[in-house]
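The structure file final_5.txt is reproduced below (compact mmCIF, C-alpha atoms).
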```
# COMPACT_ATOMS: atom_id res chain seq x y z
CA MET A 28 37.96 36.06 2.43
CA LYS A 29 38.93 36.74 -1.17
CA GLU A 30 36.35 38.61 -3.27
CA ILE A 31 34.82 36.82 -6.23
CA SER A 32 33.08 38.25 -9.28
CA ILE A 33 29.31 37.87 -9.65
CA ASN A 34 29.85 35.73 -12.79
CA ARG A 35 32.02 33.33 -10.84
CA PHE A 36 29.48 33.34 -8.03
CA TYR A 37 26.76 32.50 -10.58
CA ARG A 38 28.71 29.55 -11.98
CA ILE A 39 29.64 28.10 -8.59
CA TYR A 40 26.10 28.54 -7.30
CA TYR A 41 24.38 26.82 -10.23
CA ILE A 42 26.95 24.01 -10.43
CA LEU A 43 26.19 23.30 -6.76
CA VAL A 44 22.46 23.47 -7.45
CA PHE A 45 22.83 20.99 -10.29
CA LEU A 46 24.82 18.62 -8.07
CA PHE A 47 22.29 18.85 -5.26
CA ILE A 48 19.40 18.25 -7.64
CA THR A 49 21.20 15.20 -9.02
CA LYS A 50 21.69 14.01 -5.44
CA LEU A 51 17.92 14.12 -4.94
CA GLY A 52 17.68 11.30 -7.46
CA PHE A 53 20.04 9.18 -5.38
CA ASP A 54 17.93 10.00 -2.31
CA LYS A 55 14.88 8.75 -4.29
CA LEU A 56 13.27 12.16 -4.00
CA PHE A 57 12.51 12.85 -7.65
CA LEU A 58 8.77 13.00 -8.07
CA HIS A 59 8.57 10.07 -10.49
CA GLN A 60 10.25 7.92 -7.81
CA PHE A 61 7.20 8.32 -5.55
CA ALA A 62 5.21 5.67 -7.47
CA GLU A 63 2.29 7.98 -8.37
CA PRO A 64 1.71 9.39 -4.90
CA ILE A 65 -1.78 9.68 -3.44
CA LEU A 66 -1.29 10.65 0.20
CA ILE A 67 -0.80 14.38 0.61
CA PHE A 68 0.56 16.43 3.47
CA PRO A 69 -0.23 20.13 3.04
CA ASN A 70 -0.40 20.43 6.82
CA ILE A 71 -1.70 23.87 7.89
CA ASP A 72 0.61 25.85 5.59
CA ASN A 73 -1.40 28.42 3.58
CA THR A 74 0.97 28.27 0.60
CA TYR A 75 0.55 24.51 0.33
CA TRP A 76 -3.20 24.96 0.59
CA LEU A 77 -3.17 27.44 -2.30
CA PHE A 78 -1.19 25.03 -4.44
CA HIS A 79 -3.67 22.27 -3.63
CA LEU A 80 -6.70 24.47 -4.18
CA PHE A 81 -5.34 25.26 -7.65
CA ASN A 82 -4.78 21.52 -8.12
CA ILE A 83 -1.08 21.94 -9.02
CA PRO A 84 0.47 18.94 -7.17
CA GLN A 85 -2.44 16.70 -8.22
CA LEU A 86 -2.01 17.79 -11.85
CA ILE A 87 1.70 16.97 -11.82
CA ALA A 88 1.01 13.63 -10.14
CA THR A 89 -1.63 12.64 -12.72
CA ASN A 90 0.50 9.71 -13.87
CA TYR A 91 4.06 8.43 -14.01
CA TYR A 92 4.85 10.25 -17.25
CA SER A 93 3.71 13.66 -16.05
CA LEU A 94 5.90 13.22 -12.98
CA LEU A 95 8.82 12.11 -15.12
CA ALA A 96 8.35 15.06 -17.48
CA PHE A 97 8.43 17.45 -14.55
CA ASP A 98 11.64 15.91 -13.17
CA ILE A 99 13.32 16.04 -16.58
CA SER A 100 12.33 19.71 -16.95
CA LEU A 101 13.75 20.51 -13.53
CA ILE A 102 17.08 18.77 -13.97
CA SER A 103 17.63 19.88 -17.57
CA CYS A 104 16.82 23.48 -16.61
CA SER A 105 19.29 23.28 -13.71
CA PHE A 106 21.94 22.05 -16.16
CA ILE A 107 21.33 24.55 -18.99
CA ILE A 108 21.30 27.44 -16.56
CA ILE A 109 24.99 26.83 -15.71
CA PHE A 110 25.98 27.80 -19.24
CA ILE A 111 23.44 30.48 -20.10
CA THR A 112 24.45 33.17 -17.67
CA ASN A 113 22.65 36.22 -18.95
CA ASN A 114 19.07 35.11 -19.42
CA ARG A 115 17.08 36.24 -16.41
CA TRP A 116 13.87 34.62 -17.74
CA LEU A 117 15.57 31.26 -17.54
CA ASN A 118 16.54 32.00 -13.94
CA ARG A 119 12.95 32.95 -13.17
CA LEU A 120 11.62 29.85 -14.87
CA PHE A 121 13.98 27.71 -12.81
CA PHE A 122 12.93 29.52 -9.64
CA ILE A 123 9.27 28.68 -10.36
CA LEU A 124 10.01 25.06 -11.32
CA TYR A 125 12.02 24.55 -8.17
CA PHE A 126 9.35 26.17 -6.00
CA ILE A 127 6.73 23.81 -7.44
CA TYR A 128 9.08 20.88 -6.87
CA PHE A 129 9.68 22.04 -3.29
CA ILE A 130 5.95 22.09 -2.53
CA CYS A 131 5.30 18.76 -4.29
CA VAL A 132 8.16 16.84 -2.69
CA ASN A 133 7.19 17.99 0.80
CA THR A 134 3.54 17.27 0.10
CA PHE A 135 4.14 13.73 -1.12
CA SER A 136 6.89 12.79 1.30
CA GLY A 137 4.59 13.43 4.25
CA HIS A 138 6.90 15.89 5.96
CA HIS A 139 7.74 19.58 5.46
CA SER A 140 11.50 19.37 5.40
CA HIS A 141 13.76 22.43 5.60
CA ILE A 142 16.73 20.93 3.80
CA LEU A 143 15.80 22.33 0.38
CA ILE A 144 15.25 25.88 1.60
CA GLY A 145 18.78 27.05 0.77
CA ILE A 146 18.24 26.49 -2.94
CA LEU A 147 14.74 27.97 -2.78
CA PHE A 148 16.02 31.28 -1.43
CA GLY A 149 19.26 31.19 -3.43
CA ASN A 150 17.44 30.84 -6.74
CA PHE A 151 15.88 34.24 -6.20
CA ILE A 152 19.27 36.04 -6.47
CA PHE A 153 19.38 35.91 -10.24
CA CYS A 154 15.71 36.68 -10.73
CA PHE A 155 16.84 40.30 -10.33
CA GLN A 156 17.93 41.95 -13.56
CA LYS A 157 20.21 44.51 -11.95
CA PHE A 158 23.60 43.66 -10.53
CA GLU A 159 23.11 46.03 -7.59
CA PHE A 160 19.94 44.21 -6.47
CA GLN A 161 21.62 40.85 -6.85
CA ILE A 162 24.34 42.04 -4.48
CA LYS A 163 21.83 43.48 -2.03
CA TYR A 164 19.82 40.29 -2.03
CA ILE A 165 23.00 38.27 -1.41
CA HIS A 166 23.65 40.51 1.60
CA PHE A 167 20.09 39.89 2.74
CA LEU A 168 20.62 36.13 2.42
CA ARG A 169 23.72 36.42 4.55
CA TYR A 170 21.56 37.91 7.31
CA TYR A 171 18.99 35.20 6.66
CA LEU A 172 21.63 32.54 7.27
CA MET A 173 22.44 34.19 10.61
CA PHE A 174 18.72 34.31 11.35
CA ILE A 175 18.32 30.57 10.70
CA MET A 176 20.98 29.64 13.22
CA THR A 177 20.28 32.32 15.84
CA SER A 178 16.53 31.73 15.80
CA ALA A 179 17.11 27.97 16.20
CA ALA A 180 18.98 28.74 19.44
CA LEU A 181 16.31 31.16 20.62
CA TRP A 182 13.51 28.64 19.94
CA LYS A 183 15.38 26.11 22.08
CA ILE A 184 15.70 28.58 24.94
CA ALA A 185 12.14 29.94 24.60
CA ARG A 186 10.58 26.47 24.45
CA GLY A 187 12.58 25.33 27.45
CA SER A 188 14.26 22.36 25.74
CA PHE A 189 17.63 24.03 26.42
CA PHE A 190 17.01 23.46 30.14
CA ASP A 191 15.55 19.96 29.82
CA SER A 192 18.22 17.41 30.67
CA GLN A 193 16.21 14.58 29.07
CA HIS A 194 15.55 16.36 25.76
CA LEU A 195 18.33 15.12 23.47
CA SER A 196 18.23 11.69 25.07
CA ASN A 197 14.52 11.46 24.24
CA ILE A 198 15.03 12.62 20.65
CA LEU A 199 17.80 10.08 20.11
CA TYR A 200 15.67 7.38 21.68
CA ASN A 201 12.74 8.16 19.37
CA GLN A 202 14.92 8.24 16.27
CA ASN A 203 16.64 5.06 17.30
CA LEU A 204 13.27 3.48 17.75
CA TYR A 205 12.31 4.09 14.15
CA PHE A 206 15.51 2.72 12.72
CA SER A 207 16.62 0.40 15.46
CA ASN A 208 19.68 -0.89 13.67
CA ILE A 209 20.73 1.89 11.35
CA TYR A 210 23.21 3.77 13.53
CA PRO A 211 26.30 2.77 15.52
CA THR A 212 24.13 1.92 18.50
CA GLN A 213 26.92 1.84 21.07
CA ILE A 214 27.41 5.63 20.97
CA LEU A 215 23.70 6.28 20.75
CA SER A 216 22.81 3.92 23.56
CA TYR A 217 25.47 5.61 25.67
CA LEU A 218 24.04 9.06 24.96
CA ILE A 219 20.48 7.91 25.54
CA LYS A 220 21.42 6.46 28.92
CA HIS A 221 23.79 9.24 30.03
CA THR A 222 21.45 12.19 29.89
CA SER A 223 23.98 14.59 31.44
CA ILE A 224 26.35 14.05 28.51
CA SER A 225 23.63 14.28 25.87
CA HIS A 226 22.34 17.42 27.58
CA ALA A 227 25.85 18.92 27.51
CA ILE A 228 25.99 18.24 23.76
CA TYR A 229 22.58 19.89 23.31
CA ILE A 230 23.72 22.96 25.27
CA ALA A 231 26.92 23.15 23.22
CA ALA A 232 24.92 22.93 19.98
CA THR A 233 22.54 25.68 21.14
CA LEU A 234 25.44 27.95 22.10
CA LEU A 235 27.09 27.23 18.76
CA GLU A 236 23.88 28.36 17.03
CA LEU A 237 23.75 31.45 19.21
CA VAL A 238 27.28 32.45 18.12
CA PHE A 239 25.82 33.24 14.70
CA ALA A 240 24.23 36.36 16.20
CA ILE A 241 27.71 37.92 15.84
CA GLY A 242 27.20 37.77 12.09
CA PHE A 243 24.52 40.48 12.35
CA PHE A 244 27.17 42.96 13.49
CA THR A 245 30.36 42.05 11.64
CA ARG A 246 31.56 40.25 8.53
CA LYS A 247 35.02 39.70 9.95
CA LEU A 248 34.20 36.31 11.42
CA ASP A 249 32.42 34.86 8.38
CA LYS A 250 35.14 32.27 7.79
CA GLN A 251 34.86 30.97 11.35
CA LEU A 252 31.07 31.00 11.15
CA ALA A 253 31.24 28.98 7.93
CA PHE A 254 33.40 26.43 9.73
CA LEU A 255 30.96 26.29 12.67
CA PHE A 256 28.05 25.88 10.27
CA ILE A 257 29.71 22.86 8.65
CA LEU A 258 30.70 21.45 12.04
CA PHE A 259 27.13 21.77 13.29
CA PHE A 260 25.64 19.86 10.37
CA VAL A 261 28.39 17.20 10.34
CA MET A 262 27.64 16.53 14.02
CA ASP A 263 23.94 16.51 13.20
CA TYR A 264 24.61 13.83 10.63
CA TYR A 265 26.69 11.64 12.90
CA LEU A 266 24.50 11.98 15.97
CA MET A 267 21.02 12.22 14.55
CA GLY A 268 21.45 10.78 11.08
CA LEU A 269 20.12 13.98 9.49
CA ASN A 270 21.62 14.89 6.16
CA PHE A 271 21.35 18.65 5.74
CA THR A 272 23.95 18.94 2.96
CA GLU A 273 21.64 20.94 0.70
CA ILE A 274 21.20 23.80 3.15
CA GLY A 275 25.00 24.22 3.00
CA ILE A 276 24.54 25.99 -0.33
CA LEU A 277 23.71 29.10 1.68
CA LEU A 278 27.35 29.27 2.76
CA ILE A 279 28.16 30.73 -0.64
CA VAL A 280 26.57 34.03 0.43
CA LEU A 281 29.38 34.50 2.96
CA TYR A 282 31.76 35.15 0.05
CA PRO A 283 32.25 38.86 -0.59
CA ILE A 284 31.42 39.89 -4.17
CA LYS A 285 33.48 42.33 -6.25
CA LYS A 286 31.57 45.56 -6.67
CA TYR A 287 32.32 46.00 -10.38
CA MET B 168 13.11 55.34 -11.76
CA ARG B 169 16.21 54.40 -9.80
CA ILE B 170 14.61 55.56 -6.57
CA ASN B 171 11.45 53.60 -7.37
CA ASN B 172 13.37 50.37 -7.88
CA GLN B 173 15.26 50.92 -4.65
CA LEU B 174 12.02 51.63 -2.86
CA ILE B 175 10.38 48.48 -4.22
CA PHE B 176 13.37 46.38 -3.21
CA TYR B 177 13.54 47.70 0.34
CA THR B 178 9.75 47.58 0.75
CA GLY B 179 9.87 43.93 -0.32
CA ILE B 180 12.61 43.09 2.16
CA THR B 181 10.87 44.99 4.98
CA LEU B 182 7.57 43.26 4.26
CA PHE B 183 9.31 39.88 4.26
CA VAL B 184 10.90 40.59 7.64
CA LEU B 185 7.60 41.83 9.12
CA ILE B 186 5.61 38.84 7.87
CA GLN B 187 8.34 36.51 9.12
CA CYS B 188 8.06 38.15 12.56
CA LEU B 189 4.29 37.67 12.47
CA PHE B 190 4.64 33.94 11.76
CA ILE B 191 7.27 33.56 14.47
CA TYR B 192 4.84 35.22 16.86
CA LYS B 193 2.01 32.94 15.69
CA GLY B 194 4.33 29.92 15.90
CA ILE B 195 3.16 28.53 12.55
CA GLU B 196 4.72 28.26 9.12
CA THR B 197 3.52 29.55 5.77
CA SER B 198 6.14 29.04 3.09
CA PRO B 199 8.46 30.87 2.54
CA PHE B 200 8.21 32.17 6.12
CA PHE B 201 9.81 29.29 7.94
CA ASN B 202 10.42 28.74 11.65
CA TYR B 203 13.70 27.05 12.40
CA GLY B 204 12.95 25.24 15.63
CA MET B 205 15.49 22.49 14.88
CA PHE B 206 14.32 19.93 17.47
CA SER B 207 13.30 22.48 20.06
CA GLU B 208 9.76 21.09 20.53
CA SER B 209 9.42 19.25 23.82
CA ALA B 210 10.20 15.58 23.29
CA THR B 211 8.96 12.73 25.38
CA LYS B 212 9.94 9.15 24.72
CA THR B 213 7.62 7.82 22.05
CA HIS B 214 7.08 4.14 22.34
CA LYS B 215 5.50 3.55 18.97
CA LYS B 216 7.52 1.82 16.31
CA TYR B 217 6.40 1.04 12.79
CA TYR B 218 7.42 -2.23 11.19
CA ILE B 219 7.19 -3.55 7.67
CA LYS B 220 7.25 -7.25 6.88
CA ILE B 221 7.82 -8.48 3.38
CA ASP B 222 7.14 -12.19 2.90
CA ASN B 223 7.27 -12.52 6.70
CA LYS B 224 10.74 -10.96 6.97
CA ASP B 225 11.31 -7.58 8.63
CA VAL B 226 12.62 -4.82 6.37
CA ASP B 227 16.25 -4.22 7.22
CA TRP B 228 16.74 -0.44 7.49
CA ASN B 229 20.50 -0.77 7.02
CA LYS B 230 20.08 -1.66 3.36
CA ASN B 231 19.86 0.80 0.53
CA TYR B 232 16.46 0.42 -1.08
CA ALA B 233 14.85 1.74 -4.23
CA PHE B 234 12.49 3.74 -2.02
CA ASN B 235 13.15 6.45 0.53
CA LYS B 236 12.76 5.11 4.08
CA ASN B 237 11.76 8.47 5.57
CA VAL B 238 9.08 8.94 2.92
CA LEU B 239 7.66 5.57 3.89
CA LEU B 240 7.64 6.29 7.62
CA TYR B 241 6.29 9.84 7.35
CA ASN B 242 3.54 8.58 5.06
CA LEU B 243 2.64 5.89 7.55
CA GLU B 244 2.09 8.63 10.13
CA ASN B 245 0.19 10.56 7.50
CA TYR B 246 -1.92 7.48 6.75
CA GLU B 247 -2.87 7.26 10.39
CA PHE B 248 -3.94 10.93 10.32
CA ALA B 249 -6.09 10.02 7.31
CA LEU B 250 -7.67 7.16 9.26
CA ALA B 251 -8.51 9.64 12.01
CA GLY B 252 -10.03 12.04 9.45
CA ASP B 253 -7.12 14.53 9.17
CA THR B 254 -8.48 16.17 12.29
CA GLN B 255 -6.01 19.04 12.69
CA VAL B 256 -6.15 20.12 9.04
CA ASN B 257 -9.95 19.85 9.10
CA LYS B 258 -10.24 21.96 12.22
CA VAL B 259 -7.87 24.70 11.02
CA ALA B 260 -9.46 24.74 7.55
CA LEU B 261 -12.93 25.28 8.99
CA LYS B 262 -11.63 28.04 11.25
CA ARG B 263 -9.91 29.83 8.37
CA LEU B 264 -12.88 29.46 6.02
CA GLN B 265 -15.18 30.83 8.69
CA ALA B 266 -12.91 33.81 9.29
CA LEU B 267 -12.86 34.56 5.54
CA HIS B 268 -16.63 33.98 5.15
CA LEU B 269 -15.93 31.24 2.61
CA MET B 270 -17.86 28.38 4.18
CA LYS B 271 -19.68 27.74 0.90
CA HIS B 272 -16.35 26.41 -0.45
CA LYS B 273 -15.94 24.05 2.49
CA GLU B 274 -16.42 20.80 0.62
CA TYR B 275 -14.09 21.66 -2.24
CA THR B 276 -11.41 22.95 0.15
CA LEU B 277 -11.51 19.87 2.35
CA SER B 278 -11.46 17.55 -0.65
CA GLN B 279 -8.31 19.28 -1.90
CA ILE B 280 -6.29 19.46 1.30
CA CYS B 281 -7.35 16.36 3.24
CA ASN B 282 -6.75 12.68 2.60
CA ASN B 283 -10.39 11.69 2.38
CA GLN B 284 -10.37 9.11 -0.41
CA PRO B 285 -11.26 5.46 0.29
CA ILE B 286 -8.56 4.11 2.56
CA GLN B 287 -7.69 1.22 0.23
CA ILE B 288 -6.34 3.69 -2.34
CA TYR B 289 -3.71 4.76 0.17
CA GLN B 290 -2.89 1.19 1.07
CA ASN B 291 -2.40 0.43 -2.61
CA TRP B 292 0.11 3.27 -2.79
CA PHE B 293 2.21 1.67 -0.04
CA TYR B 294 2.29 -1.61 -1.97
CA ARG B 295 3.17 0.22 -5.16
CA TYR B 296 5.96 2.09 -3.41
CA LEU B 297 7.37 -1.03 -1.77
CA LYS B 298 7.13 -2.93 -5.04
CA ARG B 299 9.86 -0.62 -6.37
CA GLU B 300 12.23 -2.75 -4.33
CA PHE B 301 10.42 -6.00 -3.58
CA LYS B 302 9.17 -6.77 -7.04
CA SER B 303 8.48 -10.44 -6.55
CA ALA B 304 7.18 -10.18 -2.99
CA GLN B 305 3.86 -11.87 -2.27
CA TYR B 306 3.04 -10.89 1.29
CA PHE B 307 3.21 -7.39 2.77
CA GLU B 308 2.39 -6.47 6.32
CA ILE B 309 2.66 -3.01 7.84
CA GLY B 310 1.94 -2.20 11.44
CA TYR B 311 3.34 -0.86 14.64
CA THR B 312 4.33 -2.00 18.08
CA ILE B 313 4.11 -0.06 21.32
CA LEU B 314 7.07 -0.63 23.57
CA GLY B 315 7.39 -0.35 27.31
CA ASN B 316 10.23 1.39 29.14
CA GLN B 317 12.34 -1.75 29.02
CA GLU B 318 11.61 -2.03 25.29
CA GLN B 319 9.30 -4.99 25.82
CA ILE B 320 6.35 -5.12 23.41
CA LEU B 321 3.16 -3.92 25.12
CA GLN B 322 0.93 -3.83 22.09
CA SER B 323 1.21 -4.79 18.46
CA LYS B 324 -1.17 -3.74 15.71
CA ILE B 325 -1.33 -4.56 12.02
CA LEU B 326 -2.26 -1.41 10.11
CA PHE B 327 -2.87 -3.37 6.93
CA LYS B 328 -1.66 -6.37 4.98
CA ASN B 329 -2.35 -7.59 1.50
CA ASP B 330 -5.35 -9.81 1.15
CA ASP B 331 -6.61 -12.10 -1.54
CA GLU B 332 -8.65 -9.37 -3.16
CA ARG B 333 -5.60 -7.23 -3.80
CA ASN B 334 -3.50 -10.16 -5.01
```
What is this file in structure tokens?
Amino acid sequence: MKEISINRFYRIYYILVFLFITKLGFDKLFLHQFAEPILIFPNIDNTYWLFHLFNIPQLIATNYYSLLAFDISLISCSFIIIFITNNRWLNRLFFILYFIYFICVNTFSGHHSHILIGILFGNFIFCFQKFEFQIKYIHFLRYYLMFIMTSAALWKIARGSFFDSQHLSNILYNQNLYFSNIYPTQILSYLIKHTSISHAIYIAATLLELVFAIGFFTRKLDKQLAFLFILFFVMDYYLMGLNFTEIGILLIVLYPIKKY
Amino acid sequence: MRINNQLIFYTGITLFVLIQCLFIYKGIETSPFFNYGMFSESATKTHKKYYIKIDNKDVDWNKNYAFNKNVLLYNLENYEFALAGDTQVNKVALKRLQALHLMKHKEYTLSQICNNQPIQIYQNWFYRYLKREFKSAQYFEIGYTILGNQEQILQSKILFKNDDERN
């Protein structure tokens, strides 16, 4: 793959972040769109507990206007940051704002979703003042991307779902049950009934995830891995109705950066 | 100075990796140490299905609404946890507080991390959230059905509906 300069990387990254944050509004996931949320879901995550013990989500959710103010700060910061490229304090401020948003949205939506993790980790790149640490952290994120996919495969094998012929059929059945008429039911009904085919798809998906282990040893196949990553999440969308577009931002770390 | 910065950076990365390994071993998540199971948990066919009726008509999930459908469904599950007294969070919180000798902060901790307000406050939130789309709606009913293997309804339960008091 062709090398890009860190400035170009910065621009592309923050333009994508801005687009994804705008998309959250269309997904009705801005905090002011939660109609002054009351139900919380910190689960058993210590970080969420700390936020709640310090009253942070509750403070932001005091009323509609405080929620709106927070959303405006987040989106305007994500926009300004595209043009101000050399102010690390702005990058750090955005990192903190986004982290708070991440905790709040998962708390109030009743589910700890992983889709926003790519931006959470990516925002940390430009919290570093020095170019050399930015590059090193990008390299680290590249390994992290490999870890996400490889560990997903290992969890499936370790938990035994890889060997369970009913597993994907059951998942599809449960999801179909929630939204009984949202998907093209012919394909889904077929996969729910024909467990051998749905199991074959599950095995293929697990093996595809496992292929990412190669990324720990060589950078030569990054282009192919990027393609597989996209393929995996496109299939996820069509089969399971899960939209993981936002995590795709991590693909940017597969680009090699010019070392000057 | 250069060496110090390098050392701090690599210590940070090493610590992150070690803590991540610890949480993988424990099988729990503490942000930002996430476990990417991606549907690896054993799945059995769940026969419970939530429904929402607005003015006696079922909500059509194919339509694009002014609310997020997943938020609604996850919060319905969350609401049921609240009805049961947030048992898992309660249990883990007490265990952690005991281990840290912080039992004197038990009440404050539980009030901050559990849904222990009067249940009607939560119900009102659902109406408020649904009102984003169904502004002129008069009658709301939220509940669930339990289906049998042939998808026949075995049990049906209304979780809550609006009553005269709320109108």
What is the distance, in Å and to one decimal place, between CA of Glu308 (chain B) and CA of Asn329 (chain B)?
6.9 Å
Identify the residues within 12 Å of coordinate (17.2, 34.8, 7.4) (same frame as the file), considering only C-alpha atoms, and give the answer as a PyMOL selection string.
(chain A and resi 144-145+148-149+164-179+239-240+242-243+277+280) or (chain B and resi 180+183-184+187-188+199-203)
Keeping only C-alpha atoms, write those residues as a compact mmCIF listing (two decimals), in the frame of the given file.
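selection-v3.txt, written as the output of this step:
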```txt
# COMPACT_ATOMS: atom_id res chain seq x y z
CA ILE A 144 15.25 25.88 1.60
CA GLY A 145 18.78 27.05 0.77
CA PHE A 148 16.02 31.28 -1.43
CA GLY A 149 19.26 31.19 -3.43
CA TYR A 164 19.82 40.29 -2.03
CA ILE A 165 23.00 38.27 -1.41
CA HIS A 166 23.65 40.51 1.60
CA PHE A 167 20.09 39.89 2.74
CA LEU A 168 20.62 36.13 2.42
CA ARG A 169 23.72 36.42 4.55
CA TYR A 170 21.56 37.91 7.31
CA TYR A 171 18.99 35.20 6.66
CA LEU A 172 21.63 32.54 7.27
CA MET A 173 22.44 34.19 10.61
CA PHE A 174 18.72 34.31 11.35
CA ILE A 175 18.32 30.57 10.70
CA MET A 176 20.98 29.64 13.22
CA THR A 177 20.28 32.32 15.84
CA SER A 178 16.53 31.73 15.80
CA ALA A 179 17.11 27.97 16.20
CA PHE A 239 25.82 33.24 14.70
CA ALA A 240 24.23 36.36 16.20
CA GLY A 242 27.20 37.77 12.09
CA PHE A 243 24.52 40.48 12.35
CA LEU A 277 23.71 29.10 1.68
CA VAL A 280 26.57 34.03 0.43
CA ILE B 180 12.61 43.09 2.16
CA PHE B 183 9.31 39.88 4.26
CA VAL B 184 10.90 40.59 7.64
CA GLN B 187 8.34 36.51 9.12
CA CYS B 188 8.06 38.15 12.56
CA PRO B 199 8.46 30.87 2.54
CA PHE B 200 8.21 32.17 6.12
CA PHE B 201 9.81 29.29 7.94
CA ASN B 202 10.42 28.74 11.65
CA TYR B 203 13.70 27.05 12.40
```
Which one of B:Thr181, B:Asn257, B:Asn291, B:Gln279 sits closest to chain A if you count all atoms listed in the file?
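Distance minimum relative to chain A lands on B:Gln279.
The point (4.2, 29.1, 7.4) has these residues within 10 Å of it, counting only C-alpha atoms: A:Asn70, A:Ile71, A:Asp72, A:Asn73, A:Thr74, A:Tyr75, B:Ile186, B:Gln187, B:Leu189, B:Phe190, B:Ile191, B:Lys193, B:Gly194, B:Ile195, B:Glu196, B:Thr197, B:Ser198, B:Pro199, B:Phe200, B:Phe201, B:Asn202.
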Please produce, as JSON lines, a per-residue contact table for chain A versus chain B (criterion: any atom at most 6 Å away, all atoms listed in the file considered), showing the nearest atom pair and its distance in Å to one decimal, sorted by chain then residue number.
```
{"residue": "A:Lys55", "atom": "CA", "partner": "B:Asn235", "partner_atom": "CA", "distance": 5.6}
{"residue": "A:Ala62", "atom": "CA", "partner": "B:Tyr296", "partner_atom": "CA", "distance": 5.5}
{"residue": "A:Ile71", "atom": "CA", "partner": "B:Val256", "partner_atom": "CA", "distance": 5.9}
{"residue": "A:Asp72", "atom": "CA", "partner": "B:Thr197", "partner_atom": "CA", "distance": 4.7}
{"residue": "A:Asn73", "atom": "CA", "partner": "B:Thr197", "partner_atom": "CA", "distance": 5.5}
{"residue": "A:Thr74", "atom": "CA", "partner": "B:Ser198", "partner_atom": "CA", "distance": 5.8}
{"residue": "A:His79", "atom": "CA", "partner": "B:Gln279", "partner_atom": "CA", "distance": 5.8}
{"residue": "A:Leu80", "atom": "CA", "partner": "B:Gln279", "partner_atom": "CA", "distance": 5.9}
{"residue": "A:Ser136", "atom": "CA", "partner": "B:Val238", "partner_atom": "CA", "distance": 4.7}
{"residue": "A:Gly137", "atom": "CA", "partner": "B:Asn242", "partner_atom": "CA", "distance": 5.0}
{"residue": "A:Ala179", "atom": "CA", "partner": "B:Gly204", "partner_atom": "CA", "distance": 5.0}
{"residue": "A:Trp182", "atom": "CA", "partner": "B:Gly204", "partner_atom": "CA", "distance": 5.5}
{"residue": "A:Lys183", "atom": "CA", "partner": "B:Ser207", "partner_atom": "CA", "distance": 4.6}
{"residue": "A:Ser188", "atom": "CA", "partner": "B:Ser207", "partner_atom": "CA", "distance": 5.8}
{"residue": "A:His194", "atom": "CA", "partner": "B:Ala210", "partner_atom": "CA", "distance": 5.9}
{"residue": "A:Asn197", "atom": "CA", "partner": "B:Lys212", "partner_atom": "CA", "distance": 5.2}
{"residue": "A:Asn201", "atom": "CA", "partner": "B:Thr213", "partner_atom": "CA", "distance": 5.8}
{"residue": "A:Tyr205", "atom": "CA", "partner": "B:Lys216", "partner_atom": "CA", "distance": 5.7}
{"residue": "A:Ile209", "atom": "CA", "partner": "B:Asn229", "partner_atom": "CA", "distance": 5.1}
```
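Interatomic distance, CA of Ile33 (chain A) to CA of Thr245 (chain A): 21.7 Å.
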Could you work out an axis-aligned bounding box for all listed atoms of region 230-248 of chain B, with 4 Å added on each of the six sides, and give its centre and edge lengths in Å to one decimal, as JSON?
```
{"center_x": 8.1, "center_y": 4.6, "center_z": 3.1, "size_x": 32.0, "size_y": 20.6, "size_z": 22.6}
```
Taking into account all atoms listed in the file, which residue in the set A:Leu51, A:Ala231, A:Leu117, A:Leu95 is nearest to Thr272 (chain A)?
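Comparing A:Leu51, A:Ala231, A:Leu117, A:Leu95 against Thr272 (chain A), the winner is A:Leu51.
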Counting all atoms listed in the file, what is within 12 Å of region 87-89 of chain A, bar same-chain residues fewer than 2 positions away, as a ChimeraX atom specification?
/A:57-67,78-79,81-85,91-98,124,127-128,130-132,134-135
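Distances here use only C-alpha atoms; by that measure, the residue among A:Leu281, A:Ala227, A:Ala180, A:Ile109 closest to Ala253 (chain A) is A:Leu281.
In this structure, CA of Leu120 (chain A) sits 28.7 Å away from CA of Glu30 (chain A).
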Dump N, CA and C atoms of region 217-223 of chain A from the given block, as an mmCIF file, in the first residue's frame.
```cif
data_model
loop_
_atom_site.group_PDB
_atom_site.id
_atom_site.type_symbol
_atom_site.label_atom_id
_atom_site.label_comp_id
_atom_site.auth_asym_id
_atom_site.auth_seq_id
_atom_site.Cartn_x
_atom_site.Cartn_y
_atom_site.Cartn_z
ATOM 1 N N TYR A 217 -34.680 -19.944 5.938
ATOM 2 C CA TYR A 217 -33.927 -21.056 5.357
ATOM 3 C C TYR A 217 -32.727 -21.404 6.256
ATOM 4 N N LEU A 218 -32.004 -20.362 6.678
ATOM 5 C CA LEU A 218 -30.815 -20.601 7.498
ATOM 6 C C LEU A 218 -31.181 -21.103 8.898
ATOM 7 N N ILE A 219 -32.301 -20.636 9.400
ATOM 8 C CA ILE A 219 -32.735 -21.104 10.727
ATOM 9 C C ILE A 219 -33.092 -22.592 10.663
ATOM 10 N N LYS A 220 -33.758 -22.965 9.576
ATOM 11 C CA LYS A 220 -34.180 -24.372 9.441
ATOM 12 C C LYS A 220 -33.010 -25.287 9.096
ATOM 13 N N HIS A 221 -32.159 -24.831 8.157
ATOM 14 C CA HIS A 221 -31.048 -25.672 7.692
ATOM 15 C C HIS A 221 -29.807 -25.385 8.523
ATOM 16 N N THR A 222 -29.732 -26.050 9.657
ATOM 17 C CA THR A 222 -28.653 -25.749 10.606
ATOM 18 C C THR A 222 -27.272 -26.096 10.043
ATOM 19 N N SER A 223 -27.211 -27.093 9.144
ATOM 20 C CA SER A 223 -25.888 -27.459 8.613
ATOM 21 C C SER A 223 -25.323 -26.310 7.780
#
```
